[in-house]
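Pasting structure31.txt here (compact mmCIF, C-alpha atoms):
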```
# COMPACT_ATOMS: atom_id res chain seq x y z
CA MET F 1 0.00 0.00 0.00
CA GLN F 2 1.33 3.45 -0.97
CA SER F 3 2.03 6.00 1.70
CA SER F 4 0.03 9.23 1.68
CA LYS F 5 3.22 11.14 0.82
CA GLU F 6 3.85 8.97 -2.25
CA THR F 7 0.24 9.35 -3.34
CA LEU F 8 0.39 13.13 -3.07
CA THR F 9 3.66 13.21 -5.01
CA GLU F 10 2.14 11.03 -7.73
CA ARG F 11 -0.92 13.27 -8.02
CA ALA F 12 1.20 16.41 -8.24
CA ARG F 13 3.29 14.71 -10.92
CA SER F 14 0.17 13.84 -12.96
CA GLU F 15 -0.89 17.51 -12.98
CA TYR F 16 2.66 18.58 -13.91
CA LEU F 17 2.64 16.12 -16.82
CA VAL F 18 -0.67 17.57 -18.05
CA GLN F 19 0.79 21.09 -18.05
CA THR F 20 3.89 19.81 -19.85
CA SER F 21 1.69 18.06 -22.41
CA LEU F 22 -0.36 21.22 -23.02
CA GLU F 23 2.84 23.18 -23.51
CA GLY F 24 4.00 20.57 -26.02
CA ILE F 25 0.72 20.88 -27.93
CA SER F 26 1.10 24.68 -27.97
CA GLN F 27 4.63 24.50 -29.34
CA LYS F 28 3.69 22.04 -32.06
CA ALA F 29 0.64 24.10 -33.05
CA LYS F 30 2.86 27.17 -33.28
CA ARG F 31 5.52 25.43 -35.38
CA GLU F 32 3.21 23.51 -37.71
CA LYS F 33 0.30 25.72 -38.74
CA GLU F 34 -1.46 23.05 -40.76
CA TYR F 35 -0.95 20.12 -38.38
CA ARG F 36 -4.10 18.25 -37.31
CA PHE F 37 -3.82 16.84 -33.80
CA ARG F 38 -4.67 13.20 -33.03
CA ASP F 39 -5.21 11.35 -29.74
CA LEU F 40 -6.55 14.39 -27.90
CA TYR F 41 -9.33 12.39 -26.23
CA ARG F 42 -6.71 10.39 -24.35
CA GLN F 43 -5.27 13.63 -22.99
CA ILE F 44 -8.33 13.92 -20.72
CA ASN F 45 -6.85 11.85 -17.88
CA TYR F 46 -7.04 12.12 -14.09
CA GLY F 47 -4.40 14.84 -13.98
CA ALA F 48 -6.30 16.91 -16.58
CA LEU F 49 -9.55 16.58 -14.62
CA LYS F 50 -7.84 17.49 -11.34
CA LEU F 51 -6.23 20.54 -12.95
CA ALA F 52 -9.60 21.52 -14.42
CA TRP F 53 -11.24 21.18 -11.00
CA LYS F 54 -8.70 23.58 -9.48
CA LYS F 55 -9.50 26.21 -12.12
CA LEU F 56 -13.26 26.19 -11.56
CA ASN F 57 -15.10 28.92 -9.72
CA LYS F 58 -16.27 27.02 -6.64
CA LYS F 59 -18.89 29.67 -5.82
CA ALA F 60 -20.72 29.33 -9.14
CA ALA F 61 -24.35 28.23 -9.19
CA PRO F 62 -24.96 24.45 -9.44
CA GLY F 63 -26.47 22.79 -12.49
CA VAL F 64 -29.59 20.65 -12.84
CA ASP F 65 -28.27 17.99 -10.44
CA ASP F 66 -27.84 20.61 -7.66
CA VAL F 67 -24.38 19.24 -6.80
CA THR F 68 -22.30 22.00 -5.22
CA ALA F 69 -18.52 22.31 -5.26
CA GLU F 70 -18.43 21.66 -1.52
CA GLU F 71 -20.36 18.39 -1.90
CA PHE F 72 -18.22 17.31 -4.86
CA GLU F 73 -14.98 18.06 -3.01
CA SER F 74 -15.99 15.98 0.01
CA ASN F 75 -15.28 12.89 -2.12
CA LEU F 76 -13.12 14.47 -4.79
CA GLU F 77 -10.87 11.60 -5.87
CA GLU F 78 -13.73 9.13 -6.28
CA ASN F 79 -15.87 11.67 -8.13
CA LEU F 80 -13.06 12.52 -10.56
CA ASN F 81 -12.34 8.84 -11.12
CA ASN F 82 -16.02 8.21 -11.84
CA ILE F 83 -15.97 10.91 -14.52
CA LEU F 84 -12.76 9.48 -15.95
CA GLU F 85 -14.21 5.95 -16.03
CA SER F 86 -17.30 7.16 -17.91
CA LEU F 87 -15.04 8.83 -20.49
CA LYS F 88 -12.85 5.76 -20.91
CA ARG F 89 -15.83 3.43 -21.35
CA LYS F 90 -17.59 5.88 -23.71
CA ARG F 91 -20.49 6.15 -21.26
CA TYR F 92 -20.17 9.86 -20.65
CA HIS F 93 -23.35 11.84 -21.35
CA ALA F 94 -23.82 15.59 -21.06
CA LYS F 95 -26.48 16.51 -18.52
CA LEU F 96 -29.23 19.05 -19.16
CA ILE F 97 -28.17 22.67 -19.02
CA ARG F 98 -30.07 24.82 -16.54
CA ARG F 99 -31.28 28.04 -18.12
CA LYS F 100 -31.19 31.28 -16.17
CA TYR F 101 -32.08 34.75 -17.43
CA ILE F 102 -30.32 37.89 -16.24
CA ASP F 103 -31.37 41.50 -16.77
CA LYS F 104 -29.42 43.33 -19.49
CA GLY F 105 -30.56 46.71 -18.18
CA ASN F 106 -32.55 47.67 -21.32
CA GLY F 107 -35.70 45.72 -20.58
CA LYS F 108 -34.26 42.62 -22.22
CA LYS F 109 -32.96 39.42 -20.68
CA ARG F 110 -29.72 37.59 -21.46
CA PRO F 111 -30.01 33.77 -21.38
CA LEU F 112 -27.27 31.96 -19.47
CA GLY F 113 -26.68 28.21 -19.53
CA ILE F 114 -25.41 26.55 -16.35
CA PRO F 115 -23.91 23.06 -16.88
CA SER F 116 -23.63 20.50 -14.11
CA LEU F 117 -20.41 20.48 -12.10
CA SER F 118 -19.15 17.25 -13.69
CA ASP F 119 -19.73 18.71 -17.17
CA LYS F 120 -17.92 21.89 -16.17
CA ILE F 121 -14.85 19.88 -15.17
CA VAL F 122 -14.67 17.99 -18.46
CA GLN F 123 -15.39 21.15 -20.42
CA ARG F 124 -12.56 22.94 -18.65
CA ALA F 125 -10.14 20.12 -19.50
CA VAL F 126 -11.23 20.20 -23.16
CA ALA F 127 -11.09 24.01 -23.26
CA ASP F 128 -7.47 23.86 -22.03
CA ILE F 129 -6.57 21.61 -24.97
CA LEU F 130 -8.43 23.79 -27.50
CA GLU F 131 -6.74 26.85 -26.09
CA ALA F 132 -3.30 25.26 -26.39
CA ILE F 133 -3.96 24.64 -30.10
CA PHE F 134 -5.93 27.64 -31.31
CA GLU F 135 -4.17 30.32 -29.26
CA GLN F 136 -1.32 29.92 -31.73
CA ASP F 137 -3.66 30.82 -34.62
CA PHE F 138 -5.76 33.64 -33.13
CA ILE F 139 -4.95 37.18 -34.27
CA GLU F 140 -3.49 39.73 -31.86
CA GLU F 141 -6.56 41.97 -32.21
CA SER F 142 -8.86 39.34 -30.69
CA TYR F 143 -9.10 40.05 -26.95
CA GLY F 144 -12.06 38.21 -25.44
CA TYR F 145 -11.62 35.28 -23.03
CA ARG F 146 -7.93 34.88 -23.79
CA PRO F 147 -4.90 34.56 -21.49
CA ASN F 148 -3.07 37.82 -20.83
CA LYS F 149 -5.68 39.82 -22.75
CA SER F 150 -8.65 41.80 -21.50
CA ALA F 151 -11.31 44.32 -22.45
CA LYS F 152 -9.14 47.04 -20.92
CA THR F 153 -6.26 46.00 -23.22
CA ALA F 154 -8.59 46.18 -26.23
CA VAL F 155 -9.72 49.69 -25.27
CA THR F 156 -6.15 50.93 -24.77
CA GLU F 157 -4.76 49.43 -27.97
CA LEU F 158 -7.70 50.66 -30.06
CA SER F 159 -7.05 54.19 -28.74
CA ASP F 160 -3.35 53.90 -29.58
CA GLU F 161 -4.15 52.68 -33.10
CA LEU F 162 -6.57 55.56 -33.75
CA VAL F 163 -4.03 58.14 -32.57
CA SER F 164 -1.06 56.69 -34.46
CA GLY F 165 -2.86 55.73 -37.69
CA LYS F 166 -4.59 57.59 -40.50
CA TYR F 167 -8.21 56.62 -39.89
CA ASN F 168 -11.37 58.60 -40.66
CA HIS F 169 -14.27 56.14 -40.57
CA ILE F 170 -15.66 53.65 -38.06
CA VAL F 171 -17.85 50.64 -38.74
CA GLU F 172 -19.72 49.73 -35.56
CA ALA F 173 -21.25 46.26 -35.74
CA ASP F 174 -23.38 44.02 -33.58
CA ILE F 175 -24.16 40.38 -34.31
CA LYS F 176 -27.73 39.46 -33.46
CA GLY F 177 -27.93 36.63 -30.91
CA PHE F 178 -24.44 35.39 -31.72
CA PHE F 179 -24.13 32.62 -29.13
CA ASP F 180 -27.58 31.26 -30.02
CA ASN F 181 -26.83 31.09 -33.75
CA ILE F 182 -23.43 29.43 -33.99
CA ASP F 183 -23.86 26.81 -36.71
CA HIS F 184 -22.83 23.37 -35.40
CA LYS F 185 -21.82 22.01 -38.81
CA TRP F 186 -19.60 24.99 -39.58
CA LEU F 187 -18.09 24.88 -36.09
CA THR F 188 -17.25 21.19 -36.56
CA LYS F 189 -15.50 21.96 -39.86
CA MET F 190 -13.50 24.69 -38.15
CA LEU F 191 -12.43 22.37 -35.34
CA GLU F 192 -11.42 19.76 -37.90
CA GLU F 193 -8.99 22.24 -39.45
CA ARG F 194 -6.73 21.51 -36.49
CA ILE F 195 -8.14 18.33 -34.94
CA ASN F 196 -8.15 14.82 -36.36
CA ASP F 197 -9.82 12.99 -33.46
CA LYS F 198 -13.48 12.01 -33.85
CA GLN F 199 -13.92 11.04 -30.20
CA PHE F 200 -12.69 14.45 -29.07
CA ILE F 201 -14.98 16.31 -31.47
CA ASN F 202 -17.92 14.03 -30.60
CA LEU F 203 -17.43 15.02 -26.97
CA ILE F 204 -17.77 18.70 -27.87
CA GLN F 205 -20.87 17.94 -29.94
CA LYS F 206 -22.52 16.34 -26.91
CA TRP F 207 -22.41 19.68 -25.11
CA LEU F 208 -23.65 21.54 -28.18
CA LYS F 209 -26.65 19.20 -28.43
CA ALA F 210 -27.37 18.98 -24.70
CA GLY F 211 -30.97 19.74 -23.77
CA ILE F 212 -31.74 23.04 -22.06
CA LEU F 213 -34.00 23.05 -19.01
CA GLU F 214 -35.94 26.31 -19.08
CA GLU F 215 -37.10 28.14 -15.97
CA ASP F 216 -40.68 27.00 -16.62
CA GLY F 217 -39.57 23.34 -16.60
CA LYS F 218 -39.73 22.80 -20.37
CA ILE F 219 -36.80 21.16 -22.16
CA LYS F 220 -35.48 22.52 -25.45
CA HIS F 221 -33.12 20.69 -27.77
CA PRO F 222 -30.93 23.23 -29.62
CA VAL F 223 -30.16 22.92 -33.31
CA ASN F 224 -27.64 25.77 -33.27
CA GLY F 225 -25.73 27.77 -30.70
CA THR F 226 -23.66 27.25 -27.59
CA PRO F 227 -25.00 28.45 -24.21
CA GLN F 228 -23.46 31.55 -22.65
CA GLY F 229 -22.20 30.48 -19.25
CA GLY F 230 -20.76 27.16 -20.36
CA ILE F 231 -17.03 26.72 -19.70
CA ILE F 232 -16.47 25.57 -23.27
CA SER F 233 -18.50 28.36 -24.93
CA PRO F 234 -15.91 31.21 -24.92
CA ILE F 235 -13.19 29.25 -26.74
CA LEU F 236 -15.74 27.83 -29.23
CA ALA F 237 -17.04 31.36 -29.88
CA ASN F 238 -13.50 32.61 -30.49
CA ILE F 239 -12.78 29.74 -32.88
CA TYR F 240 -15.98 30.46 -34.81
CA LEU F 241 -15.34 34.19 -35.19
CA HIS F 242 -11.66 33.57 -35.91
CA PHE F 243 -12.67 31.81 -39.13
CA VAL F 244 -15.77 33.87 -39.90
CA LEU F 245 -14.38 37.35 -39.23
CA ASP F 246 -10.78 37.68 -38.06
CA ILE F 247 -8.72 35.96 -40.72
CA TRP F 248 -11.17 37.07 -43.43
CA PHE F 249 -10.63 40.70 -42.38
CA LYS F 250 -6.84 40.31 -42.19
CA GLN F 251 -6.37 38.30 -45.40
CA VAL F 252 -9.12 39.71 -47.62
CA ILE F 253 -10.49 43.05 -46.42
CA MET F 254 -7.15 44.63 -45.47
CA LYS F 255 -5.55 43.55 -48.76
CA GLN F 256 -8.47 44.88 -50.82
CA SER F 257 -8.63 48.22 -48.97
CA GLU F 258 -6.85 51.17 -50.59
CA GLY F 259 -6.04 52.72 -47.22
CA GLU F 260 -5.31 51.54 -43.70
CA ALA F 261 -7.80 49.18 -42.02
CA PHE F 262 -7.90 47.74 -38.52
CA ILE F 263 -10.18 45.47 -36.49
CA SER F 264 -10.58 45.15 -32.72
CA ARG F 265 -12.75 42.33 -31.39
CA TYR F 266 -13.77 41.24 -27.91
CA ALA F 267 -15.90 38.07 -28.22
CA ASP F 268 -18.83 39.09 -30.48
CA ASP F 269 -18.31 42.83 -29.88
CA PHE F 270 -16.11 44.47 -32.52
CA VAL F 271 -15.33 47.69 -34.37
CA CYS F 272 -13.47 48.20 -37.63
CA ILE F 273 -11.71 51.41 -38.62
CA PHE F 274 -10.74 52.63 -42.10
CA ARG F 275 -8.91 55.52 -43.71
CA TYR F 276 -11.28 55.82 -46.66
CA LYS F 277 -15.06 55.87 -46.62
CA LYS F 278 -15.33 53.70 -49.74
CA ASP F 279 -13.32 50.95 -47.99
CA ALA F 280 -15.62 51.16 -44.97
CA GLU F 281 -18.72 50.97 -47.18
CA LYS F 282 -17.34 48.03 -49.15
CA PHE F 283 -16.61 46.15 -45.92
CA TYR F 284 -20.05 47.01 -44.51
CA HIS F 285 -21.83 45.35 -47.44
CA LYS F 286 -19.47 42.40 -47.72
CA MET F 287 -19.73 41.74 -44.00
CA GLN F 288 -23.48 41.12 -44.27
CA GLU F 289 -22.90 38.50 -46.97
CA ARG F 290 -20.03 36.94 -45.03
CA LEU F 291 -22.02 36.53 -41.82
CA LYS F 292 -25.05 35.19 -43.65
CA LYS F 293 -22.91 32.39 -45.07
CA PHE F 294 -22.23 31.22 -41.50
CA ASN F 295 -25.81 31.53 -40.26
CA LEU F 296 -25.19 34.88 -38.55
CA GLU F 297 -26.97 38.20 -38.93
CA LEU F 298 -26.24 41.82 -38.07
CA SER F 299 -28.46 43.86 -35.75
CA MET F 300 -29.03 46.64 -38.26
CA ASP F 301 -30.15 49.16 -35.63
CA LYS F 302 -26.78 48.77 -33.90
CA THR F 303 -24.61 48.64 -37.04
CA ASN F 304 -23.52 51.73 -38.95
CA ILE F 305 -20.72 53.68 -40.63
CA MET F 306 -19.72 56.97 -39.08
CA LEU F 307 -17.19 59.73 -39.61
CA PHE F 308 -14.52 59.65 -36.91
CA SER F 309 -11.62 61.88 -37.92
CA ARG F 310 -9.11 64.02 -36.09
CA TYR F 311 -9.28 66.41 -39.06
CA LYS F 312 -13.06 66.91 -38.76
CA LYS F 313 -13.64 66.82 -35.03
CA GLN F 314 -16.69 69.08 -35.16
CA GLN F 315 -18.48 66.83 -37.65
CA SER F 316 -17.27 63.59 -36.06
CA GLY F 317 -19.48 61.85 -33.59
CA SER F 318 -18.57 59.43 -30.84
CA PHE F 319 -18.78 55.65 -30.73
CA GLU F 320 -19.05 53.13 -27.92
CA PHE F 321 -16.96 50.03 -27.40
CA LEU F 322 -16.65 47.82 -24.32
CA GLY F 323 -18.32 50.26 -21.97
CA PHE F 324 -16.46 53.39 -23.13
CA GLU F 325 -17.44 56.31 -25.31
CA PHE F 326 -14.63 57.39 -27.68
CA ARG F 327 -14.32 60.87 -29.15
CA TRP F 328 -11.60 63.11 -30.62
CA GLU F 329 -10.43 66.04 -28.45
CA LYS F 330 -7.52 68.47 -28.21
CA SER F 331 -5.16 68.16 -25.27
CA ARG F 332 -4.02 71.25 -23.32
CA LYS F 333 -0.89 71.25 -25.46
CA GLY F 334 -2.95 71.19 -28.66
CA LYS F 335 -2.32 67.54 -29.45
CA ASP F 336 -4.99 65.30 -31.00
CA ILE F 337 -6.07 62.73 -28.42
CA ILE F 338 -8.77 60.13 -28.01
CA LYS F 339 -10.84 61.00 -24.98
CA LYS F 340 -12.61 58.08 -23.35
CA ARG F 341 -15.37 58.27 -20.79
CA THR F 342 -17.74 55.72 -19.32
CA SER F 343 -20.65 55.26 -21.73
CA ARG F 344 -23.88 56.72 -20.37
CA LYS F 345 -25.65 53.39 -20.83
CA LYS F 346 -23.02 51.54 -18.81
CA LEU F 347 -23.00 54.20 -16.13
CA ARG F 348 -26.78 53.92 -15.69
CA LYS F 349 -26.52 50.15 -15.58
CA SER F 350 -23.73 50.27 -12.97
CA ILE F 351 -25.81 52.57 -10.77
CA LYS F 352 -28.84 50.30 -11.14
CA ASN F 353 -26.77 47.26 -10.18
CA PHE F 354 -25.33 49.15 -7.22
CA THR F 355 -28.86 49.93 -6.01
CA LEU F 356 -29.73 46.23 -6.10
CA TRP F 357 -26.53 45.45 -4.21
CA CYS F 358 -27.41 47.99 -1.50
CA LYS F 359 -30.85 46.46 -1.05
CA LYS F 360 -29.23 43.08 -0.55
CA MET F 361 -26.40 44.26 1.75
CA ARG F 362 -28.07 46.99 3.84
CA ASN F 363 -28.60 44.79 6.92
CA LYS F 364 -25.03 43.45 7.01
CA ARG F 365 -22.62 44.56 9.71
CA PHE F 366 -20.79 47.74 8.73
CA LYS F 367 -17.41 46.02 8.77
CA THR F 368 -18.58 43.45 6.22
CA LEU F 369 -20.57 45.90 4.12
CA PHE F 370 -17.84 48.53 3.75
CA LYS F 371 -15.16 45.95 3.06
CA LYS F 372 -17.22 44.65 0.14
CA LEU F 373 -18.03 48.22 -0.92
CA ASN F 374 -14.34 49.08 -1.18
CA SER F 375 -13.75 45.92 -3.19
CA LYS F 376 -16.52 46.94 -5.63
CA LEU F 377 -15.17 50.47 -5.95
CA ARG F 378 -11.61 49.28 -6.58
CA GLY F 379 -12.85 46.93 -9.31
CA TYR F 380 -14.80 49.77 -10.92
CA TYR F 381 -11.81 52.14 -10.87
CA ASN F 382 -9.47 49.45 -12.18
CA TYR F 383 -11.58 49.17 -15.34
CA TYR F 384 -13.02 52.64 -15.86
CA GLY F 385 -10.14 54.59 -14.32
CA VAL F 386 -8.66 55.70 -17.64
CA ILE F 387 -7.04 59.06 -18.31
CA ASN F 388 -9.59 61.89 -18.77
CA ASN F 389 -12.42 59.85 -17.22
CA TYR F 390 -12.25 61.22 -13.67
CA LYS F 391 -15.60 63.07 -13.93
CA SER F 392 -17.41 59.83 -14.77
CA LEU F 393 -15.75 58.06 -11.84
CA GLU F 394 -16.73 60.90 -9.54
CA GLU F 395 -20.32 60.80 -10.83
CA PHE F 396 -20.57 57.08 -10.13
CA PHE F 397 -18.99 57.50 -6.69
CA ASN F 398 -21.28 60.34 -5.59
CA LYS F 399 -24.45 58.68 -6.84
CA SER F 400 -23.43 55.39 -5.23
CA LEU F 401 -22.94 57.06 -1.85
CA ASP F 402 -26.33 58.77 -2.16
CA ILE F 403 -27.93 55.40 -2.84
CA LEU F 404 -26.07 53.75 0.03
CA TYR F 405 -27.10 56.55 2.42
CA LYS F 406 -30.73 56.07 1.39
CA TRP F 407 -30.71 52.31 1.96
CA LEU F 408 -28.77 52.41 5.22
CA ASN F 409 -31.52 54.65 6.54
CA ARG F 410 -33.96 51.87 5.75
CA ARG F 411 -32.27 49.36 8.02
CA SER F 412 -35.08 50.05 10.48
CA GLN F 413 -38.42 51.87 10.46
CA ARG F 414 -36.80 54.96 11.94
CA ARG F 415 -34.26 57.13 10.19
CA SER F 416 -30.97 55.85 11.63
CA MET F 417 -28.47 58.58 10.65
CA ASN F 418 -28.07 62.03 9.16
CA ARG F 419 -25.56 62.99 6.47
CA ASP F 420 -22.89 64.11 8.95
CA LYS F 421 -23.02 60.76 10.72
CA PHE F 422 -22.90 58.95 7.38
CA ASN F 423 -19.78 60.89 6.33
CA GLU F 424 -18.19 60.09 9.69
CA ILE F 425 -18.80 56.37 9.09
CA LEU F 426 -17.25 56.63 5.63
CA GLY F 427 -14.14 58.03 7.28
CA TRP F 428 -13.96 55.13 9.71
CA TYR F 429 -13.77 52.61 6.89
CA ASP F 430 -11.46 54.60 4.59
CA ILE F 431 -13.75 54.48 1.55
CA CYS F 432 -11.90 54.27 -1.78
CA ARG F 433 -12.32 57.54 -3.59
CA PRO F 434 -12.21 57.87 -7.41
CA ARG F 435 -8.77 57.50 -8.93
CA ILE F 436 -7.22 57.06 -12.34
CA THR F 437 -5.57 53.64 -12.58
CA GLU F 438 -4.31 53.84 -16.17
CA LYS F 439 -0.58 54.44 -16.31
CA ILE F 440 0.72 57.24 -18.52
CA ASP F 441 3.43 56.30 -20.99
CA LYS F 442 6.33 58.64 -20.09
CA ARG F 443 7.01 59.23 -23.76
CA LEU F 444 3.48 60.58 -24.21
CA GLN F 445 2.80 62.19 -20.87
CA PHE F 446 3.00 65.77 -22.18
CA ASP F 447 0.12 65.08 -24.59
CA PHE F 448 -2.22 64.74 -21.62
CA VAL F 449 -1.40 67.96 -19.79
```
As structure tokens, the full file:
Amino acid sequence: MQSSKETLTERARSEYLVQTSLEGISQKAKREKEYRFRDLYRQINYGALKLAWKKLNKKAAPGVDDVTAEEFESNLEENLNNILESLKRKRYHAKLIRRKYIDKGNGKKRPLGIPSLSDKIVQRAVADILEAIFEQDFIEESYGYRPNKSAKTAVTELSDELVSGKYNHIVEADIKGFFDNIDHKWLTKMLEERINDKQFINLIQKWLKAGILEEDGKIKHPVNGTPQGGIISPILANIYLHFVLDIWFKQVIMKQSEGEAFISRYADDFVCIFRYKKDAEKFYHKMQERLKKFNLELSMDKTNIMLFSRYKKQQSGSFEFLGFEFRWEKSRKGKDIIKKRTSRKKLRKSIKNFTLWCKKMRNKRFKTLFKKLNSKLRGYYNYYGVINNYKSLEEFFNKSLDILYKWLNRRSQRRSMNRDKFNEILGWYDICRPRITEKIDKRLQFDFV
């Protein structure tokens, strides 16, 4: 019988071997751009499942089987081995996906799909393999759900490109119901460009075809799409748009354009910028045909071409991307700069969400409440704290404190504090005040003063 020390060493080694294997896949995918990987299904071993388990958000809502992370962890080794055995014997079946709707803030609801915990673990292991392969193919201007990339990076680099390039026109685009309309047959063909393993692809198809348990108890069987909320969905969405949009833009649109052209994409949210209007118009019309080929459609009310030029600031409008409003301005030194501020729609939504949070937290002890408040404020400043956006941060901060003051006074039937007392309490807990978190490039710092 093995000692506990030997067992622990063996388990750690199995996870190390998985990481080494993923690195090997990445290197091969990078070296050999047309190589189709075999034997990927066998890569989903105990070490891969254990590594996947460690990466999961243990506080996430449970799926249809109501198994929580705490319950699963109480018998972790046996549960992981049971999943592994079902995969080895080809008895693995995807469970129903629990549907949940969340408010988008515009009167509409966004559908989320919540897989069971066991499905999440296998999906995470498969997503790691897909990421190791396709990360080597994705373009630099794709930012969503990727390692070492973020929405904030996309916003910063788009600003830099606009300032340094010769661009005059923006094409704003929105794909209608993207995640619900991903074509399974096309997605399979795209996966097969890099994968020559039917068992591995069949496993992915099981999740795509898994029934969806609606809130009213009805079960739907999807023909297209991949549920938002699934662990596997982000990488599948990136693969789909990589073939549909990214490489088409880089290899066709940019070569056919007479002037400069650039794309920035975060998941299904993207903008394209052009020097010449005729290039923007040509892309606009071709894009509709391109998306239609892959069972996708533009939301025409959210898609348009607009003038956005440093040379015609008065006529140029503003556009929104990833929660920011972009517009041309002059710096104090007379330099052309891109000024970014929190979009009004996002600001309203943030304030609405903060109100809901206050309702939920108002009866908590002050120590707990203000600790969480500071955490929320820091997160908000870390994203929206870009240069020239201090007024928006201050607006959010002041309105949030007004809302908090209102709800703290509803902790009991009697009014519990006046404004002076409230401000005194804020001082006790050292509330995070608005601050700019974006770092200024020293080479450019005089353009901002």
Report, in Å with one decimal, the straight-line distance from atom CA of Ser26 of chain F to atom CA of Arg194 of chain F.
12.0 Å
One decimal, Å: what's the distance from atom CA of Ser118 of chain F over to atom CA of Asn148 of chain F, could you say?
27.1 Å
Please produce, as JSON lines, a per-residue contact table for segment 287-390 of chain F versus segment 241-260 of chain F (criterion: any atom at most 8 Å away, all atoms listed in the file considered), showing the nearest atom pair and its distance in Å to one decimal, sorted by chain then residue number.
```
{"residue": "F:Arg290", "atom": "CA", "partner": "F:Val244", "partner_atom": "CA", "distance": 7.3}
{"residue": "F:Leu291", "atom": "CA", "partner": "F:Val244", "partner_atom": "CA", "distance": 7.1}
{"residue": "F:Phe294", "atom": "CA", "partner": "F:Val244", "partner_atom": "CA", "distance": 7.2}
```
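The nearest approach to Pro115 of chain F among the residues F:Asp65, F:Glu131, F:Glu15, F:Glu73, with only C-alpha atoms taken into account, belongs to F:Asp65.
Closest approach to Tyr284 of chain F among F:Asp119, F:Gly225, F:His169, F:Lys391 is made by F:His169 (distances from only C-alpha atoms).
Atom CA of Ala210 of chain F lies 24.9 Å from atom CA of Glu78 of chain F.
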Which is closest to Asp137 of chain F among F:Ile239, F:Cys358, F:Ala69, F:Val386, if we use all atoms listed in the file?
F:Ile239
Would you kindly identify which residues have an atom no farther than 10 Å from (-11.7, 23.2, -36.4), using all atoms listed in the file and the file's own coordinates, and write them out as a ChimeraX atom specification?
/F:36,130,134,186-196,201,236,239-240,243
Find the spatial neighbours of Lys30 of chain F, counting only C-alpha atoms, within a cut-off of 9 Å - ignore same-chain residues fewer than 5 positions away - and output them as a compact mmCIF listing (two decimals) with C-alpha atoms, in the coordinates of the input.
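The file below, result_24.txt, is the result:
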```
# COMPACT_ATOMS: atom_id res chain seq x y z
CA ILE F 25 0.72 20.88 -27.93
CA ILE F 133 -3.96 24.64 -30.10
CA GLU F 135 -4.17 30.32 -29.26
CA GLN F 136 -1.32 29.92 -31.73
CA ASP F 137 -3.66 30.82 -34.62
```
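Distances from F:Gln27, F:Ser86, F:Ser74, F:Ser116 to Leu213 of chain F were compared using all atoms listed in the file, and the smallest one belongs to F:Ser116.
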Exercise: Gly379 of chain F partners within 12 Å, all atoms listed in the file, chain neighbours under 3 positions left out, as a VMD selection string
chain F and resid 350 372 to 376 382 to 385 393 432 434 to 437
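Ranking F:Gln43, F:Asn398, F:Ile431, F:Phe308 by their shortest atom-to-atom distance to Leu369 of chain F, with all atoms listed in the file included, puts F:Ile431 first.
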Do you know which residues are at most 10 Å from segment 324-330 of chain F counting only C-alpha atoms, after dropping those on the same chain fewer than 3 positions away, and could you put them as a ChimeraX atom specification?
/F:152,155,158-159,162-163,308-314,316-321,333-347,384,386,389,447-448
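Shortest separation to Trp357 of chain F among F:Leu377, F:Ala151, F:Val67, F:Leu404 occurs at residue F:Leu404, atoms counted being all atoms listed in the file.
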As a VMD selection string, please: the residues near Lys100 of chain F (cut-off 9 Å, all atoms listed in the file, same-chain neighbours under 6 positions excluded).
chain F and resid 110 to 114 214 to 215
Considering all atoms listed in the file, return as a PDB file with C-alpha atoms, in the frame of the given file whatever protein or nucleic-acid residues lie within 12 Å of Lys292 of chain F, sequence-local ones (same chain, fewer than 2 positions apart) excluded.
```pdb
ATOM      1  CA  ILE F 175     -24.160  40.380 -34.310  1.00  0.00           C
ATOM      2  CA  LYS F 176     -27.730  39.460 -33.460  1.00  0.00           C
ATOM      3  CA  PHE F 178     -24.440  35.390 -31.720  1.00  0.00           C
ATOM      4  CA  ASN F 181     -26.830  31.090 -33.750  1.00  0.00           C
ATOM      5  CA  ILE F 182     -23.430  29.430 -33.990  1.00  0.00           C
ATOM      6  CA  ASP F 183     -23.860  26.810 -36.710  1.00  0.00           C
ATOM      7  CA  VAL F 244     -15.770  33.870 -39.900  1.00  0.00           C
ATOM      8  CA  LEU F 245     -14.380  37.350 -39.230  1.00  0.00           C
ATOM      9  CA  HIS F 285     -21.830  45.350 -47.440  1.00  0.00           C
ATOM     10  CA  LYS F 286     -19.470  42.400 -47.720  1.00  0.00           C
ATOM     11  CA  MET F 287     -19.730  41.740 -44.000  1.00  0.00           C
ATOM     12  CA  GLN F 288     -23.480  41.120 -44.270  1.00  0.00           C
ATOM     13  CA  GLU F 289     -22.900  38.500 -46.970  1.00  0.00           C
ATOM     14  CA  ARG F 290     -20.030  36.940 -45.030  1.00  0.00           C
ATOM     15  CA  PHE F 294     -22.230  31.220 -41.500  1.00  0.00           C
ATOM     16  CA  ASN F 295     -25.810  31.530 -40.260  1.00  0.00           C
ATOM     17  CA  LEU F 296     -25.190  34.880 -38.550  1.00  0.00           C
ATOM     18  CA  GLU F 297     -26.970  38.200 -38.930  1.00  0.00           C
ATOM     19  CA  LEU F 298     -26.240  41.820 -38.070  1.00  0.00           C
TER      20      LEU F 298
END
```
